[in-house]
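Data file: upload.cif. Format and content: mmCIF, C-alpha atoms.
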data_my_file
#
loop_
_atom_site.label_atom_id
_atom_site.label_comp_id
_atom_site.auth_asym_id
_atom_site.auth_seq_id
_atom_site.Cartn_x
_atom_site.Cartn_y
_atom_site.Cartn_z
CA MET A 114 45.37 -16.53 38.21
CA ASN A 115 48.45 -15.33 40.08
CA ILE A 116 47.81 -13.59 43.36
CA THR A 117 49.99 -12.11 46.06
CA VAL A 118 48.55 -11.83 49.54
CA THR A 119 50.29 -10.72 52.72
CA VAL A 120 49.23 -12.95 55.58
CA ASN A 121 50.39 -12.14 59.11
CA GLY A 122 53.16 -10.01 57.65
CA THR A 123 54.47 -12.63 55.20
CA GLU A 124 53.93 -12.26 51.48
CA HIS A 125 52.55 -15.34 49.70
CA THR A 126 52.26 -15.76 45.95
CA ALA A 127 50.15 -18.50 44.42
CA ASP A 128 48.46 -19.52 41.21
CA VAL A 129 44.80 -20.12 42.07
CA GLU A 130 41.49 -20.77 40.35
CA PRO A 131 39.18 -17.74 40.60
CA ARG A 132 36.58 -19.86 42.41
CA LEU A 133 38.94 -20.82 45.26
CA LEU A 134 37.37 -19.51 48.45
CA LEU A 135 39.60 -17.37 50.61
CA VAL A 136 39.09 -19.67 53.60
CA ASP A 137 40.44 -22.63 51.60
CA PHE A 138 43.38 -20.58 50.36
CA ILE A 139 44.25 -19.80 53.99
CA ARG A 140 43.72 -23.30 55.32
CA THR A 141 44.82 -25.52 52.45
CA ASN A 142 47.30 -23.49 50.43
CA LEU A 143 48.92 -21.74 53.40
CA GLY A 144 48.29 -24.42 56.05
CA LEU A 145 46.94 -21.87 58.54
CA THR A 146 44.21 -24.00 60.07
CA GLY A 147 43.32 -21.61 62.90
CA THR A 148 40.77 -20.12 60.53
CA HIS A 149 37.85 -22.54 60.69
CA ILE A 150 35.02 -23.62 58.40
CA GLY A 151 31.66 -23.92 60.12
CA CYS A 152 28.39 -23.27 58.36
CA ASP A 153 29.95 -22.32 55.00
CA THR A 154 26.95 -20.00 54.48
CA THR A 155 28.05 -16.64 55.98
CA SER A 156 26.12 -17.29 59.19
CA CYS A 157 28.42 -18.60 61.91
CA GLY A 158 31.46 -16.36 61.50
CA VAL A 159 34.15 -18.92 62.46
CA CYS A 160 35.98 -18.25 59.16
CA THR A 161 36.44 -14.56 60.03
CA VAL A 162 39.84 -12.94 59.39
CA ARG A 163 40.87 -9.29 59.21
CA LEU A 164 41.33 -8.02 55.67
CA ASP A 165 43.29 -4.75 55.78
CA GLY A 166 42.06 -4.59 59.37
CA THR A 167 38.38 -5.19 58.65
CA PRO A 168 36.73 -8.43 59.80
CA VAL A 169 35.33 -10.41 56.85
CA LYS A 170 33.86 -13.89 56.47
CA THR A 171 36.25 -15.82 54.23
CA CYS A 172 33.73 -18.49 53.20
CA THR A 173 32.01 -15.71 51.26
CA MET A 174 34.98 -14.22 49.49
CA PHE A 175 37.23 -15.52 46.75
CA ALA A 176 40.99 -15.68 47.24
CA VAL A 177 41.47 -13.57 44.09
CA GLN A 178 39.60 -10.71 45.78
CA ALA A 179 42.38 -10.57 48.38
CA ASN A 180 45.07 -10.06 45.74
CA GLY A 181 47.44 -7.30 46.89
CA ARG A 182 45.84 -7.03 50.30
CA SER A 183 46.85 -7.86 53.87
CA ILE A 184 45.25 -10.48 56.08
CA THR A 185 45.55 -11.18 59.78
CA THR A 186 44.49 -14.60 61.01
CA VAL A 187 44.51 -15.90 64.57
CA GLU A 188 48.08 -17.10 64.00
CA GLY A 189 49.04 -13.43 63.57
CA LEU A 190 47.62 -12.23 66.89
CA LYS A 191 50.63 -13.02 69.05
CA GLN A 192 53.10 -10.21 69.50
CA ASN A 193 56.85 -10.87 69.82
CA GLY A 194 56.09 -14.49 70.60
CA GLU A 195 53.77 -13.53 73.48
CA LEU A 196 50.00 -13.90 73.62
CA SER A 197 48.23 -10.66 72.76
CA ALA A 198 46.08 -8.93 75.38
CA MET A 199 43.00 -10.48 73.76
CA GLN A 200 44.44 -14.00 73.76
CA GLN A 201 45.63 -13.58 77.34
CA ALA A 202 42.16 -12.40 78.42
CA PHE A 203 40.41 -15.34 76.73
CA ARG A 204 42.80 -17.63 78.58
CA GLU A 205 42.36 -15.98 81.98
CA HIS A 206 38.58 -15.58 81.76
CA HIS A 207 37.93 -18.94 80.17
CA GLY A 208 36.38 -17.30 77.10
CA LEU A 209 36.05 -20.64 75.35
CA GLN A 210 35.04 -24.22 75.76
CA CYS A 211 35.47 -26.23 72.55
CA GLY A 212 37.51 -23.46 70.94
CA PHE A 213 35.91 -23.63 67.51
CA CYS A 214 34.60 -20.04 67.44
CA THR A 215 37.53 -18.67 69.46
CA PRO A 216 39.94 -17.52 66.72
CA ALA A 217 37.20 -15.43 65.08
CA MET A 218 35.94 -14.11 68.42
CA MET A 219 39.45 -12.91 69.32
CA LEU A 220 39.94 -11.27 65.92
CA VAL A 221 36.57 -9.50 66.07
CA GLY A 222 37.25 -8.49 69.69
CA THR A 223 40.65 -7.09 68.71
CA ALA A 224 39.14 -5.06 65.86
CA LEU A 225 36.46 -3.76 68.22
CA ILE A 226 38.78 -2.49 70.92
CA GLU A 227 41.08 -0.84 68.39
CA GLU A 228 38.11 1.19 67.22
CA ASN A 229 36.41 1.55 70.59
CA PRO A 230 38.90 1.16 73.48
CA ASN A 231 36.19 1.15 76.14
CA PRO A 232 33.19 -0.75 74.77
CA SER A 233 30.09 -1.32 76.87
CA GLU A 234 28.70 -4.83 77.31
CA ASP A 235 26.00 -4.01 74.74
CA GLU A 236 28.58 -2.80 72.25
CA ILE A 237 30.59 -6.00 72.71
CA ARG A 238 27.51 -8.19 72.24
CA TRP A 239 26.54 -6.18 69.15
CA ALA A 240 30.07 -6.50 67.71
CA ILE A 241 30.15 -10.29 68.09
CA SER A 242 26.58 -10.79 66.90
CA GLY A 243 27.86 -12.15 63.58
CA ASN A 244 29.78 -14.89 65.39
CA LEU A 245 28.08 -17.92 66.87
CA CYS A 246 29.26 -19.80 69.94
CA ARG A 247 27.39 -22.98 70.87
CA CYS A 248 29.24 -23.67 74.14
CA THR A 249 29.72 -20.70 76.38
CA GLY A 250 26.46 -18.77 76.26
CA TYR A 251 28.77 -15.83 75.46
CA MET A 252 29.16 -14.72 79.11
CA ASN A 253 32.86 -15.42 79.33
CA ILE A 254 33.54 -14.23 75.80
CA VAL A 255 32.08 -10.84 76.74
CA LYS A 256 34.08 -10.83 80.00
CA SER A 257 37.26 -11.68 78.08
CA ILE A 258 36.81 -8.85 75.60
CA GLU A 259 36.04 -6.43 78.46
CA ALA A 260 39.20 -7.55 80.25
CA ALA A 261 41.31 -7.25 77.11
CA ALA A 262 39.98 -3.74 76.55
CA GLU A 263 40.88 -2.79 80.10
CA ALA A 264 44.35 -4.35 79.89
CA THR A 265 44.97 -2.57 76.59
CA ARG A 266 43.87 0.79 78.02
CA GLU A 267 46.13 0.29 81.02
CA GLY A 268 49.00 -0.77 78.76
CA ALA A 269 48.52 2.36 76.68
CA SER A 270 48.45 4.71 79.67
CA SER A 271 51.42 3.20 81.52
CA MET B 103 29.98 -25.96 48.48
CA TYR B 104 31.79 -24.59 45.46
CA PRO B 105 30.66 -22.37 42.61
CA GLY B 106 31.05 -23.46 39.03
CA LYS B 107 34.05 -22.16 37.10
CA PHE B 108 34.07 -18.56 35.98
CA ASP B 109 36.42 -15.99 34.52
CA TYR B 110 37.41 -13.25 36.92
CA LEU B 111 38.03 -9.67 35.84
CA ALA B 112 39.05 -6.89 38.22
CA PRO B 113 39.42 -3.69 36.19
CA GLU B 114 40.95 -0.63 37.78
CA THR B 115 38.92 1.97 35.94
CA LEU B 116 35.21 2.53 35.45
CA ASP B 117 35.69 2.84 31.68
CA GLU B 118 37.27 -0.62 31.54
CA ALA B 119 34.41 -2.10 33.57
CA LEU B 120 31.80 -0.45 31.37
CA SER B 121 33.46 -1.70 28.20
CA VAL B 122 33.37 -5.26 29.57
CA LEU B 123 29.65 -4.80 30.23
CA ALA B 124 29.12 -3.31 26.77
CA GLU B 125 30.90 -6.21 25.14
CA LYS B 126 29.40 -9.14 27.04
CA GLY B 127 27.12 -7.86 29.78
CA ASP B 128 24.76 -10.80 29.25
CA GLU B 129 27.24 -13.25 30.67
CA VAL B 130 28.65 -11.02 33.41
CA LYS B 131 27.68 -10.60 37.04
CA VAL B 132 29.05 -7.58 38.84
CA LEU B 133 30.78 -8.37 42.15
CA ALA B 134 30.55 -5.61 44.74
CA GLY B 135 30.29 -6.96 48.32
CA GLY B 136 29.37 -10.44 47.15
CA GLN B 137 27.46 -11.22 50.32
CA SER B 138 24.37 -12.36 48.38
CA LEU B 139 25.95 -13.24 45.05
CA ILE B 140 28.67 -15.57 46.35
CA PRO B 141 26.25 -17.67 48.50
CA MET B 142 24.02 -17.99 45.41
CA MET B 143 27.01 -19.04 43.31
CA LYS B 144 28.00 -21.60 45.95
CA LEU B 145 24.50 -23.07 45.79
CA ARG B 146 24.79 -22.86 41.98
CA LEU B 147 21.62 -20.82 41.86
CA ALA B 148 23.78 -18.34 39.97
CA GLN B 149 26.45 -19.50 37.52
CA PRO B 150 27.77 -16.40 35.76
CA PRO B 151 30.45 -17.22 33.17
CA THR B 152 32.28 -14.01 34.12
CA LEU B 153 32.59 -12.16 37.40
CA LEU B 154 33.38 -8.46 37.14
CA ASP B 155 34.90 -7.32 40.43
CA ILE B 156 34.44 -3.55 40.73
CA ASN B 157 36.23 -3.25 44.09
CA ARG B 158 39.45 -1.96 42.54
CA ILE B 159 37.78 0.95 40.80
CA PRO B 160 38.46 4.23 42.64
CA ASP B 161 35.78 6.78 43.53
CA LEU B 162 32.84 4.37 43.62
CA ASP B 163 32.78 4.44 47.42
CA GLY B 164 31.58 8.02 47.90
CA LEU B 165 28.91 8.73 50.49
CA ASN B 166 28.18 12.44 50.11
CA ARG B 167 25.52 15.02 50.55
CA THR B 168 24.94 17.80 48.07
CA ASN B 169 22.17 20.22 48.96
CA GLY B 170 19.15 18.09 49.74
CA THR B 171 20.38 14.79 48.32
CA LEU B 172 22.35 11.89 49.76
CA HIS B 173 24.57 10.20 47.14
CA ILE B 174 25.50 6.58 47.87
CA GLY B 175 28.16 5.18 45.52
CA SER B 176 28.31 1.58 44.26
CA LEU B 177 30.87 0.48 46.83
CA VAL B 178 29.40 2.07 49.97
CA ARG B 179 29.19 -0.79 52.49
CA HIS B 180 26.33 -1.14 54.94
CA ASN B 181 28.77 -0.39 57.76
CA ASP B 182 29.95 2.77 55.99
CA VAL B 183 26.37 3.97 56.34
CA VAL B 184 26.21 2.85 59.99
CA LYS B 185 29.35 4.88 60.79
CA SER B 186 28.60 7.91 58.63
CA ASP B 187 27.38 11.24 59.99
CA THR B 188 26.49 12.26 56.44
CA ALA B 189 24.03 9.36 56.12
CA LYS B 190 22.08 10.71 59.10
CA ALA B 191 20.68 13.27 56.65
CA ASN B 192 18.11 10.61 55.79
CA HIS B 193 16.70 9.13 58.97
CA THR B 194 15.15 6.08 57.31
CA VAL B 195 18.47 5.15 55.71
CA ALA B 196 20.41 5.72 58.94
CA SER B 197 18.04 3.67 61.07
CA ALA B 198 17.91 0.73 58.62
CA ALA B 199 21.67 0.32 58.19
CA PRO B 200 22.42 -1.34 61.56
CA TRP B 201 19.72 -3.93 60.85
CA ILE B 202 21.19 -5.23 57.60
CA ALA B 203 22.61 -8.75 57.98
CA ASP B 204 25.27 -8.98 60.74
CA PRO B 205 28.24 -6.74 61.64
CA ILE B 206 30.79 -8.72 59.61
CA VAL B 207 28.60 -9.09 56.53
CA ARG B 208 27.95 -5.34 56.78
CA ASN B 209 31.70 -4.76 56.32
CA LEU B 210 31.49 -6.10 52.74
CA GLY B 211 27.90 -5.93 51.54
CA THR B 212 26.87 -2.76 49.70
CA VAL B 213 23.67 -0.71 49.52
CA ALA B 214 23.72 -0.45 45.72
CA GLY B 215 24.56 -4.14 45.37
CA SER B 216 21.61 -5.13 47.56
CA LEU B 217 19.27 -3.05 45.41
CA ALA B 218 20.72 -4.43 42.16
CA HIS B 219 20.46 -7.99 43.51
CA HIS B 220 16.84 -7.30 44.45
CA ASP B 221 16.14 -10.09 46.86
CA PRO B 222 12.38 -9.68 47.38
CA GLU B 223 12.95 -9.77 51.14
CA GLY B 224 15.81 -7.25 51.16
CA ASP B 225 15.55 -4.30 53.54
CA TRP B 226 17.04 -1.52 51.42
CA ALA B 227 14.37 -1.64 48.70
CA SER B 228 11.69 -0.80 51.28
CA VAL B 229 13.77 2.11 52.58
CA MET B 230 14.28 3.44 49.06
CA LEU B 231 10.60 2.97 48.12
CA ALA B 232 9.49 4.87 51.21
CA CYS B 233 11.96 7.69 50.52
CA GLY B 234 11.51 7.91 46.76
CA ALA B 235 15.10 7.13 45.78
CA GLU B 236 16.61 7.21 42.31
CA LEU B 237 19.35 5.06 40.84
CA VAL B 238 22.04 6.28 38.47
CA LEU B 239 22.75 3.64 35.82
CA THR B 240 25.93 4.16 33.83
CA SER B 241 26.96 2.50 30.58
CA SER B 242 29.72 3.13 28.07
CA THR B 243 27.27 5.20 26.04
CA GLY B 244 25.86 7.36 28.80
CA GLN B 245 23.95 7.62 32.00
CA ARG B 246 20.31 7.54 33.01
CA VAL B 247 18.51 8.16 36.26
CA VAL B 248 15.75 5.69 37.15
CA ASP B 249 13.10 6.02 39.82
CA ILE B 250 13.20 3.19 42.37
CA ASN B 251 9.64 2.19 41.39
CA ASP B 252 10.82 1.60 37.82
CA PHE B 253 14.12 0.06 38.86
CA LEU B 254 12.56 -2.78 40.86
CA VAL B 255 10.84 -5.01 38.30
CA ASP B 256 10.33 -8.36 40.01
CA MET B 257 12.17 -10.63 42.39
CA PHE B 258 15.88 -10.72 41.44
CA THR B 259 15.02 -8.60 38.41
CA THR B 260 15.65 -4.89 37.89
CA SER B 261 15.53 -2.56 34.92
CA CYS B 262 19.33 -2.28 35.00
CA GLN B 263 20.40 -3.44 31.52
CA PRO B 264 23.28 -5.89 30.94
CA ASN B 265 25.51 -3.03 29.73
CA GLU B 266 24.77 -0.84 32.76
CA LEU B 267 26.25 -0.49 36.23
CA VAL B 268 24.51 1.06 39.24
CA THR B 269 26.97 3.82 40.02
CA GLU B 270 24.93 5.72 42.57
CA VAL B 271 21.81 5.64 44.69
CA ARG B 272 20.29 9.07 45.27
CA VAL B 273 17.91 9.63 48.12
CA ALA B 274 16.53 12.90 49.44
CA ALA B 275 17.80 14.13 52.78
CA HIS B 276 15.07 14.84 55.33
CA SER B 277 14.41 18.51 55.96
CA ALA B 278 14.56 19.94 59.47
CA SER B 279 10.85 19.19 59.71
CA GLY B 280 11.11 15.67 58.33
CA GLY B 281 11.82 12.28 59.84
CA GLY B 282 12.03 8.62 59.01
CA ASN B 283 12.51 5.21 60.49
CA TYR B 284 12.99 1.50 59.77
CA GLN B 285 11.39 -1.04 62.06
CA LYS B 286 12.57 -4.63 61.68
CA LEU B 287 11.60 -7.78 63.47
CA GLU B 288 14.10 -10.60 62.99
CA ARG B 289 14.36 -13.96 64.73
CA LYS B 290 18.08 -13.56 65.11
CA VAL B 291 20.87 -11.32 63.85
CA GLY B 292 21.51 -11.90 60.16
CA ASP B 293 18.12 -13.41 59.38
CA TYR B 294 15.69 -12.04 56.86
CA ALA B 295 13.06 -9.73 58.32
CA THR B 296 10.01 -11.44 59.73
CA VAL B 297 8.46 -8.05 59.08
CA GLY B 298 10.13 -4.77 58.11
CA VAL B 299 8.47 -1.37 57.81
CA ALA B 300 10.13 1.74 56.36
CA THR B 301 8.51 5.11 57.00
CA SER B 302 9.28 8.68 56.04
CA LEU B 303 7.45 11.94 56.76
CA GLU B 304 7.78 15.61 55.87
CA LEU B 305 5.75 18.30 57.63
CA ASP B 306 4.92 21.76 56.28
CA HIS B 307 5.20 24.98 58.32
CA GLY B 308 1.79 24.40 59.85
CA GLY B 309 2.75 20.92 61.04
CA VAL B 310 0.59 19.25 58.39
CA ILE B 311 2.00 16.17 56.62
CA SER B 312 3.23 17.29 53.19
CA SER B 313 4.66 13.98 52.07
CA ALA B 314 4.71 10.44 53.43
CA GLY B 315 6.39 7.18 52.53
CA ILE B 316 5.56 3.68 53.75
CA ALA B 317 7.02 0.42 52.42
CA LEU B 318 6.96 -3.12 53.78
CA THR B 319 9.51 -5.96 53.77
CA SER B 320 8.88 -9.71 53.78
CA VAL B 321 5.09 -9.57 53.80
CA TYR B 322 4.34 -9.68 50.07
CA THR B 323 5.92 -11.24 46.98
CA HIS B 324 8.12 -8.15 46.79
CA ASN B 325 8.84 -5.01 48.81
CA LEU B 326 5.50 -3.26 48.97
CA LYS B 327 5.03 0.50 48.78
CA VAL B 328 1.65 1.19 50.37
CA ILE B 329 0.49 4.15 48.32
CA GLU B 330 -3.02 4.11 49.79
CA ALA B 331 -1.64 4.50 53.31
CA GLU B 332 0.73 7.25 52.14
CA ASN B 333 -2.18 9.11 50.54
CA ALA B 334 -4.22 8.79 53.71
CA LEU B 335 -1.51 10.75 55.56
CA VAL B 336 -0.79 13.59 53.15
CA GLY B 337 -2.61 16.83 53.95
CA GLN B 338 -3.54 15.62 57.43
CA THR B 339 -2.48 16.75 60.87
CA PRO B 340 -0.51 13.93 62.51
CA SER B 341 -2.25 12.05 65.31
CA ASP B 342 -2.23 8.61 66.90
CA GLU B 343 -5.58 7.84 65.25
CA LEU B 344 -4.25 8.83 61.81
CA PHE B 345 -1.16 6.64 62.21
CA ALA B 346 -3.33 3.75 63.43
CA GLU B 347 -5.44 4.17 60.29
CA ALA B 348 -2.31 4.06 58.10
CA GLY B 349 -1.30 0.92 60.00
CA ARG B 350 -4.67 -0.67 59.28
CA ILE B 351 -4.37 0.12 55.57
CA ALA B 352 -0.82 -1.30 55.44
CA ALA B 353 -1.88 -4.47 57.29
CA GLN B 354 -4.70 -4.92 54.79
CA ALA B 355 -2.50 -4.27 51.76
CA CYS B 356 0.14 -6.86 52.65
CA ASN B 357 -0.24 -10.57 52.03
CA PRO B 358 2.22 -12.44 54.23
CA ASP B 359 2.82 -16.21 54.16
CA SER B 360 2.62 -18.35 57.27
CA ASP B 361 6.04 -19.90 57.71
CA SER B 362 8.71 -20.69 60.29
CA ARG B 363 8.97 -16.97 61.09
CA GLY B 364 5.33 -16.66 62.11
CA SER B 365 1.74 -16.99 60.99
CA ALA B 366 0.22 -14.65 58.43
CA THR B 367 -2.09 -13.25 61.11
CA TYR B 368 0.83 -12.50 63.39
CA LYS B 369 2.85 -10.79 60.64
CA ARG B 370 -0.15 -8.72 59.59
CA HIS B 371 -0.53 -7.59 63.18
CA ILE B 372 3.14 -6.63 63.32
CA VAL B 373 2.76 -4.61 60.11
CA HIS B 374 0.00 -2.65 61.81
CA VAL B 375 2.03 -2.07 64.97
CA PHE B 376 5.29 -1.23 63.17
CA THR B 377 3.62 1.19 60.75
CA ARG B 378 2.05 3.07 63.64
CA ARG B 379 5.25 2.95 65.69
CA GLY B 380 7.47 3.91 62.73
CA LEU B 381 5.30 6.89 61.88
CA ALA B 382 5.25 8.01 65.51
CA ARG B 383 9.05 7.84 65.62
CA SER B 384 9.32 9.68 62.29
CA LEU B 385 7.06 12.41 63.66
CA GLU B 386 9.12 12.69 66.84
CA ILE B 387 12.23 13.34 64.70
CA ALA B 388 10.32 15.75 62.43
CA GLN B 389 9.15 17.74 65.43
CA GLY B 390 12.68 18.12 66.68
CA GLY B 391 13.12 15.09 68.88
CA GLN B 392 16.57 13.55 69.01
CA SER B 393 17.62 11.93 65.75
#

Would you give me this structure, written as structure tokens?
Amino acid sequence: MNITVTVNGTEHTADVEPRLLLVDFIRTNLGLTGTHIGCDTTSCGVCTVRLDGTPVKTCTMFAVQANGRSITTVEGLKQNGELSAMQQAFREHHGLQCGFCTPAMMLVGTALIEENPNPSEDEIRWAISGNLCRCTGYMNIVKSIEAAAEATREGASS
Amino acid sequence: MYPGKFDYLAPETLDEALSVLAEKGDEVKVLAGGQSLIPMMKLRLAQPPTLLDINRIPDLDGLNRTNGTLHIGSLVRHNDVVKSDTAKANHTVASAAPWIADPIVRNLGTVAGSLAHHDPEGDWASVMLACGAELVLTSSTGQRVVDINDFLVDMFTTSCQPNELVTEVRVAAHSASGGGNYQKLERKVGDYATVGVATSLELDHGGVISSAGIALTSVYTHNLKVIEAENALVGQTPSDELFAEAGRIAAQACNPDSDSRGSATYKRHIVHVFTRRGLARSLEIAQGGQS
């Protein structure tokens, strides 16, 4: 089946089998390996991308379902060649250790602060509760998202 | 893990979808959120020859209230319910929604899809049993409205026929003197309930219970509506003792398994506690506490 999907602003057309999982379309067909495969059972959340802005787990979606829609992966977070506020915050606050969950954490964090520019710690922990991290104990991930929210609010008001 | 091969259809009108179901419903699975179906296909527990994706059909995502009824369309996601002010018209529905799966799964998974899938440990069926919901089943030849008790047949089995699509879930809004609640114990976000208890109450002008709903998740072979406990409440003046009695009846009616989530004794105890607690919370809302 022929599909056209816009990924990080670029339109891609491909002929795919209906059973091709979206995560494999992104990683194998498009070569965007920042989207990871972890549990492959909708539990860990490392395969999360934003589909028309909404975070979804791409191990539990077929590529054909994304036909005609827009996807943002971690590779699409940078803005004008610069790290986004979220990426910058993860860097400054050491919001990662091994880095495996990081792309999804940053995408979920970005979606959260767009919807809720000033989230409480509880709201942040709730928002990332579909994403597992086995290194950090989440402390620095929460700090990073808080810092990114603050930087984004300041950026918006200046 | 990869599913077997299938044909994929994504019609853009309801009529087209219904004619596919009319023609070959037996070999079709409907894809709404896919958050249960796709994992089952990956494990090859489900191998439908044809997948009918209804996500491109307009107007199936309505979440509306008309008079005393909440209408939940086929494509209303769990998170649509979480974020909706309209859904607060039914307190049991509103309090259950944030406990379904995890925040990202909630972005895709649907209420109607969960009910149609009928996992015997799903949360929504308990909510709908406690609240007396109805399902609207639409086919190319017409429409019928089925009571939730008749819709849920057995695990992974409903009375939805191969030519029918669940186009709406209808559930009564609580009145100003009604309330409801969903209590869920889970080991971690996204897990099945260790125990879930849905409750719903309506009070008459004198403060006497005029109707009551209680249904349990994960403590029986299917979602269990505890009619005996409901009957024990109706016509009574609410009290801690009365709710404790309903809790005792519910704990006796269930038949949990001992497993990695806890022993049968423990789960039975939680059913007792959650029934009492859920009813107390429902009463608080019914008596004008914060919703």

Within 7 Å of chain A, which residues of chain B show up when using only C-alpha atoms, listed as a PyMOL selection string? chain B and resi 105+107-110+137+140-141+204-207+209+291

Which residues, named as in the file, does the PyMOL selection byres ((chain A and resi 254) around 8) pick out? Answer as a PDB file with C-alpha atoms, keeping the file's coordinate frame.
ATOM      1  CA  PHE A 203      40.410 -15.340  76.730  1.00  0.00           C
ATOM      2  CA  HIS A 206      38.580 -15.580  81.760  1.00  0.00           C
ATOM      3  CA  HIS A 207      37.930 -18.940  80.170  1.00  0.00           C
ATOM      4  CA  GLY A 208      36.380 -17.300  77.100  1.00  0.00           C
ATOM      5  CA  LEU A 209      36.050 -20.640  75.350  1.00  0.00           C
ATOM      6  CA  MET A 218      35.940 -14.110  68.420  1.00  0.00           C
ATOM      7  CA  THR A 249      29.720 -20.700  76.380  1.00  0.00           C
ATOM      8  CA  TYR A 251      28.770 -15.830  75.460  1.00  0.00           C
ATOM      9  CA  MET A 252      29.160 -14.720  79.110  1.00  0.00           C
ATOM     10  CA  ASN A 253      32.860 -15.420  79.330  1.00  0.00           C
ATOM     11  CA  VAL A 255      32.080 -10.840  76.740  1.00  0.00           C
ATOM     12  CA  LYS A 256      34.080 -10.830  80.000  1.00  0.00           C
ATOM     13  CA  SER A 257      37.260 -11.680  78.080  1.00  0.00           C
ATOM     14  CA  ILE A 258      36.810  -8.850  75.600  1.00  0.00           C
TER      15      ILE A 258
END

Selected by the PyMOL selection byres ((chain B and resi 157) around 12) in the shown coordinates: which residues, as a ChimeraX atom specification? /A:177-180 /B:111-116,119,132-136,153-156,158-163,175-179,210-212,215

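Counting from atom CA of B:Val229, the distance to atom CA of B:Gly164 is 19.3 Å.
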
Matched chain/residue IDs from the PyMOL selection byres ((chain B and resi 256) around 9), as a list in words: His220, Pro222, Leu254, Val255, Met257, Phe258, Thr259, Thr260, Thr323 and His324 of chain B

Nearby residues (all atoms listed in the file) at most 6 Å from A:Asn121, same-chain spacing under 2 positions excluded, as a ChimeraX atom specification: /A:123,185,189

Have stretch 252-265 of chain A completed to N, CA and C atoms, please, and pass it along as an mmCIF file, in the coordinates of the input.
data_model
loop_
_atom_site.group_PDB
_atom_site.id
_atom_site.type_symbol
_atom_site.label_atom_id
_atom_site.label_comp_id
_atom_site.auth_asym_id
_atom_site.auth_seq_id
_atom_site.Cartn_x
_atom_site.Cartn_y
_atom_site.Cartn_z
ATOM 1 N N MET A 252 28.805 -15.482 77.904
ATOM 2 C CA MET A 252 29.160 -14.720 79.110
ATOM 3 C C MET A 252 30.663 -14.483 79.214
ATOM 4 N N ASN A 253 31.423 -15.568 79.121
ATOM 5 C CA ASN A 253 32.860 -15.420 79.330
ATOM 6 C C ASN A 253 33.577 -14.808 78.128
ATOM 7 N N ILE A 254 32.959 -14.908 76.975
ATOM 8 C CA ILE A 254 33.540 -14.230 75.800
ATOM 9 C C ILE A 254 33.443 -12.716 76.021
ATOM 10 N N VAL A 255 32.278 -12.275 76.483
ATOM 11 C CA VAL A 255 32.080 -10.840 76.740
ATOM 12 C C VAL A 255 33.056 -10.374 77.834
ATOM 13 N N LYS A 256 33.142 -11.177 78.910
ATOM 14 C CA LYS A 256 34.080 -10.830 80.000
ATOM 15 C C LYS A 256 35.515 -10.738 79.481
ATOM 16 N N SER A 257 35.886 -11.661 78.601
ATOM 17 C CA SER A 257 37.260 -11.680 78.080
ATOM 18 C C SER A 257 37.549 -10.419 77.275
ATOM 19 N N ILE A 258 36.588 -10.037 76.436
ATOM 20 C CA ILE A 258 36.810 -8.850 75.600
ATOM 21 C C ILE A 258 36.866 -7.590 76.482
ATOM 22 N N GLU A 259 35.995 -7.559 77.503
ATOM 23 C CA GLU A 259 36.040 -6.430 78.460
ATOM 24 C C GLU A 259 37.409 -6.347 79.129
ATOM 25 N N ALA A 260 37.909 -7.512 79.555
ATOM 26 C CA ALA A 260 39.200 -7.550 80.250
ATOM 27 C C ALA A 260 40.337 -7.149 79.329
ATOM 28 N N ALA A 261 40.257 -7.602 78.078
ATOM 29 C CA ALA A 261 41.310 -7.250 77.110
ATOM 30 C C ALA A 261 41.304 -5.748 76.842
ATOM 31 N N ALA A 262 40.091 -5.184 76.778
ATOM 32 C CA ALA A 262 39.980 -3.740 76.550
ATOM 33 C C ALA A 262 40.634 -2.993 77.712
ATOM 34 N N GLU A 263 40.328 -3.451 78.920
ATOM 35 C CA GLU A 263 40.880 -2.790 80.100
ATOM 36 C C GLU A 263 42.407 -2.924 80.133
ATOM 37 N N ALA A 264 42.892 -4.126 79.874
ATOM 38 C CA ALA A 264 44.350 -4.350 79.890
ATOM 39 C C ALA A 264 45.033 -3.493 78.827
ATOM 40 N N THR A 265 44.381 -3.346 77.675
ATOM 41 C CA THR A 265 44.970 -2.570 76.590
ATOM 42 C C THR A 265 44.989 -1.084 76.948
#
